[in-house]
Amino acid sequence: MRDIAAAAAVSQSTVSRVLSGAPTAVPIAPETRQRVLRTARELGYRPNPLARGLRGASTNLIGAVVRDFSDLFFAGAIEALVVESMAHGYNVVLGHVPGRAGDEALSLTTVLETRHTDAVVLLGDMQQHPQFLADLRNSIVPVVALWPGTSPREFPTVDADDRAGIRAGLEHLVSLGHKRIAYVNAELPNEYRAREEAYLDFMRDRFGAVPPGYAERSPSTLAGGDAALRRLMDRPDPPTAVAASTDVVAVGVLHAAHSLGVTVPDRLSVVGFDDIAIAAHTVPALTTVRMPISEIVGYAVTQAVRLAREPADAQRPPALEIFQPALIVRDSTAPPALR
């Protein structure tokens, strides 16, 4: 700032006020403001967000803590978060919590305590990391949680109606004439079963019971979906349709069907959940339930920015905002074959 002040022939305090954008009691002439900004650009000035954080000023950074970088769903969510944050004038600092219970997020509490981020957005269930959640509760940095799963609601939260999404996929299969509908539930952290329970309730309400062995569980991987379908097709009464709790598992189901010579959708219909990028490019293109990622992330970033501008001691009740998923019909579903 001293260099800019000398080059622009103004005081250092004037440079500070112009670059920080802070309101001033004494107006700064527009030509002076432009001269300071032009000089700053010519000298290659860049604000240091860490230094700004130590001074208590906004760093224009949002911390995003992700449960699992390898999950394709969260990859899409991170991309949406970056785009939405930039639209608000913020950049994103990424961190993640290790997958094993008992491990904690390294150095994240230090970042929070020194105000290096204006707000924190959590992506995924963090219940396996109680110390990390305790640190967030005790921090002055506002927190917004997305897709918290089984985590207790401690922060403003944004989620989707998973049960409604599962029902939409199953209603679509029933409307096509399917009755023998199996389900593959991806095993997620902390035994998150909302989608599986929605399937069980639907089948009991609509058909009186779930056919024995039709509710499969598998790792949340392509291989998990592949293995689950092989077990289902080995049954004496194999299903004519399969719903999966994630698109990743559904793609594994499609792969197994191809390997087994079970044509989709002629002999088997498949429905996924999430509508990740690959879902529209499988062969055949996957019918799925679209998670409204952009809408959820956009709402969350707006809330995070709003909370960051409130006083540090402001109350932040753990309100819940629910978004509705939507059925996307593609080529992997059709009426059951007559046999």
# chains A, B, ... in the order shown; residues from 1 in each chain; ligands from 1

$ select_by_dssp --residues "stretch 138-292 of chain A" --states "helix (DSSP H, G or I)" --output "ChimeraX atom specification"
/A:162-175,189-191,194-207,222-233,247-260,277-281

$ closest_atom_pairs --of "stretch 151-259 of chain A" --to "stretch 280-295 of chain A" --cutoff "8 Å" --atoms "only C-alpha atoms" --output "JSON lines"
{"residue": "A:Ala160", "atom": "CA", "partner": "A:Met291", "partner_atom": "CA", "distance": 7.2}
{"residue": "A:Gly165", "atom": "CA", "partner": "A:Val289", "partner_atom": "CA", "distance": 6.1}
{"residue": "A:Ile166", "atom": "CA", "partner": "A:Val289", "partner_atom": "CA", "distance": 7.6}
{"residue": "A:Ala168", "atom": "CA", "partner": "A:Val289", "partner_atom": "CA", "distance": 7.6}
{"residue": "A:Gly169", "atom": "CA", "partner": "A:Val289", "partner_atom": "CA", "distance": 6.6}
{"residue": "A:Asp247", "atom": "CA", "partner": "A:Thr288", "partner_atom": "CA", "distance": 7.4}
{"residue": "A:Val251", "atom": "CA", "partner": "A:Thr282", "partner_atom": "CA", "distance": 7.4}

$ residues_around --residues "A:Phe69" --least-positions-apart "6" --cutoff "10 Å" --atoms "only C-alpha atoms" --output "list in words"
Ala75, Ile78, Leu94, Gly95, His96, Val97 and Pro98 of chain A

$ write_last_selection --atoms "N, CA and C atoms" --output "compact mmCIF listing (two decimals), in the first residue's frame"
# COMPACT_ATOMS: atom_id res chain seq x y z
N ALA A 75 -18.43 -34.60 -6.88
CA ALA A 75 -17.64 -33.88 -7.89
C ALA A 75 -18.51 -32.85 -8.61
N ILE A 78 -19.33 -29.97 -6.18
CA ILE A 78 -18.22 -29.03 -6.00
C ILE A 78 -18.15 -28.05 -7.17
N LEU A 94 -11.14 -25.76 -0.73
CA LEU A 94 -11.64 -27.13 -0.55
C LEU A 94 -10.87 -27.86 0.55
N GLY A 95 -11.61 -28.62 1.32
CA GLY A 95 -11.00 -29.53 2.29
C GLY A 95 -11.87 -30.77 2.39
N HIS A 96 -11.37 -31.82 2.99
CA HIS A 96 -12.19 -33.00 3.15
C HIS A 96 -11.86 -33.68 4.46
N VAL A 97 -12.82 -34.46 4.95
CA VAL A 97 -12.61 -35.23 6.17
C VAL A 97 -12.25 -36.64 5.75
N PRO A 98 -11.30 -37.26 6.40
CA PRO A 98 -10.92 -38.64 6.04
C PRO A 98 -12.09 -39.59 6.20

$ closest_residue --among "A:Val144, A:Ala9, A:Ala244, A:Leu320" --to "A:Ala228" --atoms "only C-alpha atoms"
A:Ala244

$ select_by_dssp --residues "stretch 33-211 of chain A" --states "strand (DSSP E or B)" --output "PyMOL selection string"
chain A and resi 61-66+91-96+119-123+143-146+157-160+181-187

$ closest_residue --among "A:Ser11, A:Ile4, A:Val249, A:Val92" --to "A:Leu37" --atoms "only C-alpha atoms"
A:Ile4

$ closest_residue --among "A:Ala308, A:Met126, A:Leu173, A:Val18" --to "A:Arg67" --atoms "only C-alpha atoms"
A:Met126

$ residues_around --residues "A:Thr333" --least-positions-apart "5" --cutoff "9 Å" --atoms "only C-alpha atoms" --output "PDB file with N, CA and C atoms, in the first residue's frame"
ATOM      1  N   HIS A 172     -43.089 -44.546 -11.932  1.00  0.00           N
ATOM      2  CA  HIS A 172     -42.823 -44.636 -13.364  1.00  0.00           C
ATOM      3  C   HIS A 172     -42.766 -46.095 -13.809  1.00  0.00           C
ATOM      4  N   LEU A 173     -42.082 -46.935 -13.050  1.00  0.00           N
ATOM      5  CA  LEU A 173     -41.988 -48.351 -13.403  1.00  0.00           C
ATOM      6  C   LEU A 173     -43.350 -49.029 -13.336  1.00  0.00           C
ATOM      7  N   LEU A 176     -45.536 -48.354 -16.272  1.00  0.00           N
ATOM      8  CA  LEU A 176     -45.164 -49.132 -17.455  1.00  0.00           C
ATOM      9  C   LEU A 176     -45.662 -50.577 -17.383  1.00  0.00           C
ATOM     10  N   ALA A 241     -37.572 -55.199 -13.426  1.00  0.00           N
ATOM     11  CA  ALA A 241     -37.087 -53.821 -13.285  1.00  0.00           C
ATOM     12  C   ALA A 241     -36.247 -53.719 -12.027  1.00  0.00           C
ATOM     13  N   VAL A 264     -31.468 -54.266 -22.056  1.00  0.00           N
ATOM     14  CA  VAL A 264     -32.149 -53.146 -21.390  1.00  0.00           C
ATOM     15  C   VAL A 264     -32.578 -52.170 -22.486  1.00  0.00           C
ATOM     16  N   PRO A 265     -33.878 -51.822 -22.535  1.00  0.00           N
ATOM     17  CA  PRO A 265     -34.934 -52.109 -21.554  1.00  0.00           C
ATOM     18  C   PRO A 265     -35.843 -53.273 -21.934  1.00  0.00           C
ATOM     19  N   ASP A 266     -35.513 -54.033 -22.971  1.00  0.00           N
ATOM     20  CA  ASP A 266     -36.438 -55.070 -23.441  1.00  0.00           C
ATOM     21  C   ASP A 266     -36.731 -56.110 -22.364  1.00  0.00           C
ATOM     22  N   LEU A 268     -35.151 -55.903 -19.124  1.00  0.00           N
ATOM     23  CA  LEU A 268     -34.948 -55.333 -17.787  1.00  0.00           C
ATOM     24  C   LEU A 268     -34.958 -53.813 -17.883  1.00  0.00           C
ATOM     25  N   SER A 269     -35.758 -53.179 -17.051  1.00  0.00           N
ATOM     26  CA  SER A 269     -35.750 -51.719 -16.942  1.00  0.00           C
ATOM     27  C   SER A 269     -34.914 -51.315 -15.738  1.00  0.00           C
ATOM     28  N   VAL A 270     -34.202 -50.174 -15.879  1.00  0.00           N
ATOM     29  CA  VAL A 270     -33.306 -49.712 -14.815  1.00  0.00           C
ATOM     30  C   VAL A 270     -33.550 -48.224 -14.568  1.00  0.00           C
ATOM     31  N   VAL A 271     -33.670 -47.882 -13.285  1.00  0.00           N
ATOM     32  CA  VAL A 271     -33.837 -46.482 -12.867  1.00  0.00           C
ATOM     33  C   VAL A 271     -32.754 -46.152 -11.858  1.00  0.00           C
ATOM     34  N   LEU A 286     -29.648 -43.549 -19.201  1.00  0.00           N
ATOM     35  CA  LEU A 286     -30.258 -43.983 -17.949  1.00  0.00           C
ATOM     36  C   LEU A 286     -31.450 -43.110 -17.557  1.00  0.00           C
ATOM     37  N   THR A 287     -32.595 -43.736 -17.355  1.00  0.00           N
ATOM     38  CA  THR A 287     -33.712 -43.073 -16.680  1.00  0.00           C
ATOM     39  C   THR A 287     -33.323 -42.908 -15.214  1.00  0.00           C
TER      40      THR A 287
END

$ residues_around --residues "A:Ile181" --least-positions-apart "2" --cutoff "8 Å" --atoms "only C-alpha atoms" --output "ChimeraX atom specification"
/A:173,178-179,183,214,239-243

$ write_last_selection --atoms "N, CA and C atoms" --output "compact mmCIF listing (two decimals), in the first residue's frame"
# COMPACT_ATOMS: atom_id res chain seq x y z
N LEU A 173 -42.08 -46.93 -13.05
CA LEU A 173 -41.99 -48.35 -13.40
C LEU A 173 -43.35 -49.03 -13.34
N HIS A 178 -44.71 -52.75 -14.62
CA HIS A 178 -43.82 -53.60 -13.82
C HIS A 178 -44.41 -53.87 -12.43
N LYS A 179 -44.25 -55.08 -11.99
CA LYS A 179 -44.62 -55.48 -10.63
C LYS A 179 -43.43 -56.09 -9.89
N TYR A 183 -34.60 -53.65 -5.87
CA TYR A 183 -33.96 -52.40 -5.45
C TYR A 183 -32.54 -52.70 -4.97
N TYR A 214 -35.48 -59.29 -3.04
CA TYR A 214 -35.50 -58.20 -4.01
C TYR A 214 -34.84 -56.92 -3.49
N PRO A 239 -36.29 -60.12 -11.34
CA PRO A 239 -37.12 -58.93 -11.54
C PRO A 239 -37.17 -58.52 -13.01
N THR A 240 -38.20 -57.78 -13.34
CA THR A 240 -38.29 -57.16 -14.67
C THR A 240 -37.80 -55.72 -14.63
N ALA A 241 -37.57 -55.20 -13.43
CA ALA A 241 -37.09 -53.82 -13.29
C ALA A 241 -36.25 -53.72 -12.03
N VAL A 242 -35.28 -52.82 -12.06
CA VAL A 242 -34.40 -52.57 -10.90
C VAL A 242 -34.31 -51.06 -10.71
N ALA A 243 -34.54 -50.63 -9.49
CA ALA A 243 -34.28 -49.24 -9.10
C ALA A 243 -33.02 -49.23 -8.23

$ closest_residue --among "A:Asp161, A:Val305, A:Leu229, A:Arg167" --to "A:Gly63" --atoms "only C-alpha atoms"
A:Val305

$ residues_around --residues "A:Arg163" --least-positions-apart "4" --cutoff "8 Å" --atoms "only C-alpha atoms" --output "number ranges by chain"
A: 167, 194-195, 198

$ residues_around --residues "A:Met86" --least-positions-apart "5" --cutoff "12 Å" --atoms "only C-alpha atoms" --output "PyMOL selection string"
chain A and resi 60-62+79-81+91-93+298+301-302+305

$ write_last_selection --atoms "N, CA, C and O atoms" --output "compact mmCIF listing (two decimals), in the first residue's frame"
# COMPACT_ATOMS: atom_id res chain seq x y z
N ASN A 60 -13.53 -13.02 1.36
CA ASN A 60 -14.19 -13.45 0.11
C ASN A 60 -13.84 -14.89 -0.23
O ASN A 60 -13.67 -15.25 -1.40
N LEU A 61 -13.71 -15.72 0.81
CA LEU A 61 -13.46 -17.14 0.64
C LEU A 61 -14.56 -17.94 1.35
O LEU A 61 -14.96 -17.59 2.46
N ILE A 62 -15.03 -18.98 0.70
CA ILE A 62 -15.95 -19.92 1.31
C ILE A 62 -15.23 -21.26 1.44
O ILE A 62 -14.66 -21.77 0.48
N GLU A 79 -18.32 -28.58 -8.38
CA GLU A 79 -18.30 -27.70 -9.55
C GLU A 79 -19.40 -26.64 -9.45
O GLU A 79 -19.16 -25.45 -9.71
N ALA A 80 -20.60 -27.06 -9.07
CA ALA A 80 -21.69 -26.10 -8.92
C ALA A 80 -21.40 -25.10 -7.82
O ALA A 80 -21.71 -23.90 -7.95
N LEU A 81 -20.76 -25.55 -6.75
CA LEU A 81 -20.43 -24.65 -5.64
C LEU A 81 -19.43 -23.59 -6.07
O LEU A 81 -19.56 -22.41 -5.71
N ASN A 91 -14.34 -16.98 -3.78
CA ASN A 91 -13.60 -18.15 -4.21
C ASN A 91 -13.81 -19.26 -3.17
O ASN A 91 -14.25 -19.00 -2.04
N VAL A 92 -13.47 -20.48 -3.56
CA VAL A 92 -13.72 -21.64 -2.70
C VAL A 92 -12.41 -22.28 -2.28
O VAL A 92 -11.51 -22.49 -3.10
N VAL A 93 -12.31 -22.58 -0.99
CA VAL A 93 -11.18 -23.34 -0.44
C VAL A 93 -11.71 -24.73 -0.10
O VAL A 93 -12.65 -24.87 0.69
N GLY A 298 -27.02 -23.35 -5.07
CA GLY A 298 -27.27 -21.92 -5.18
C GLY A 298 -27.92 -21.35 -3.94
O GLY A 298 -27.53 -20.28 -3.45
N VAL A 301 -25.24 -21.31 -1.03
CA VAL A 301 -24.24 -20.25 -1.13
C VAL A 301 -24.86 -18.90 -0.78
O VAL A 301 -24.26 -18.08 -0.08
N THR A 302 -26.08 -18.66 -1.26
CA THR A 302 -26.76 -17.41 -0.91
C THR A 302 -26.92 -17.28 0.60
O THR A 302 -26.69 -16.20 1.17
N VAL A 305 -23.40 -16.61 2.25
CA VAL A 305 -22.97 -15.22 2.07
C VAL A 305 -23.78 -14.30 2.98
O VAL A 305 -23.23 -13.38 3.61

$ closest_residue --among "A:Gly89, A:Gly224, A:Gly213, A:Pro142" --to "A:Glu310" --atoms "only C-alpha atoms"
A:Pro142
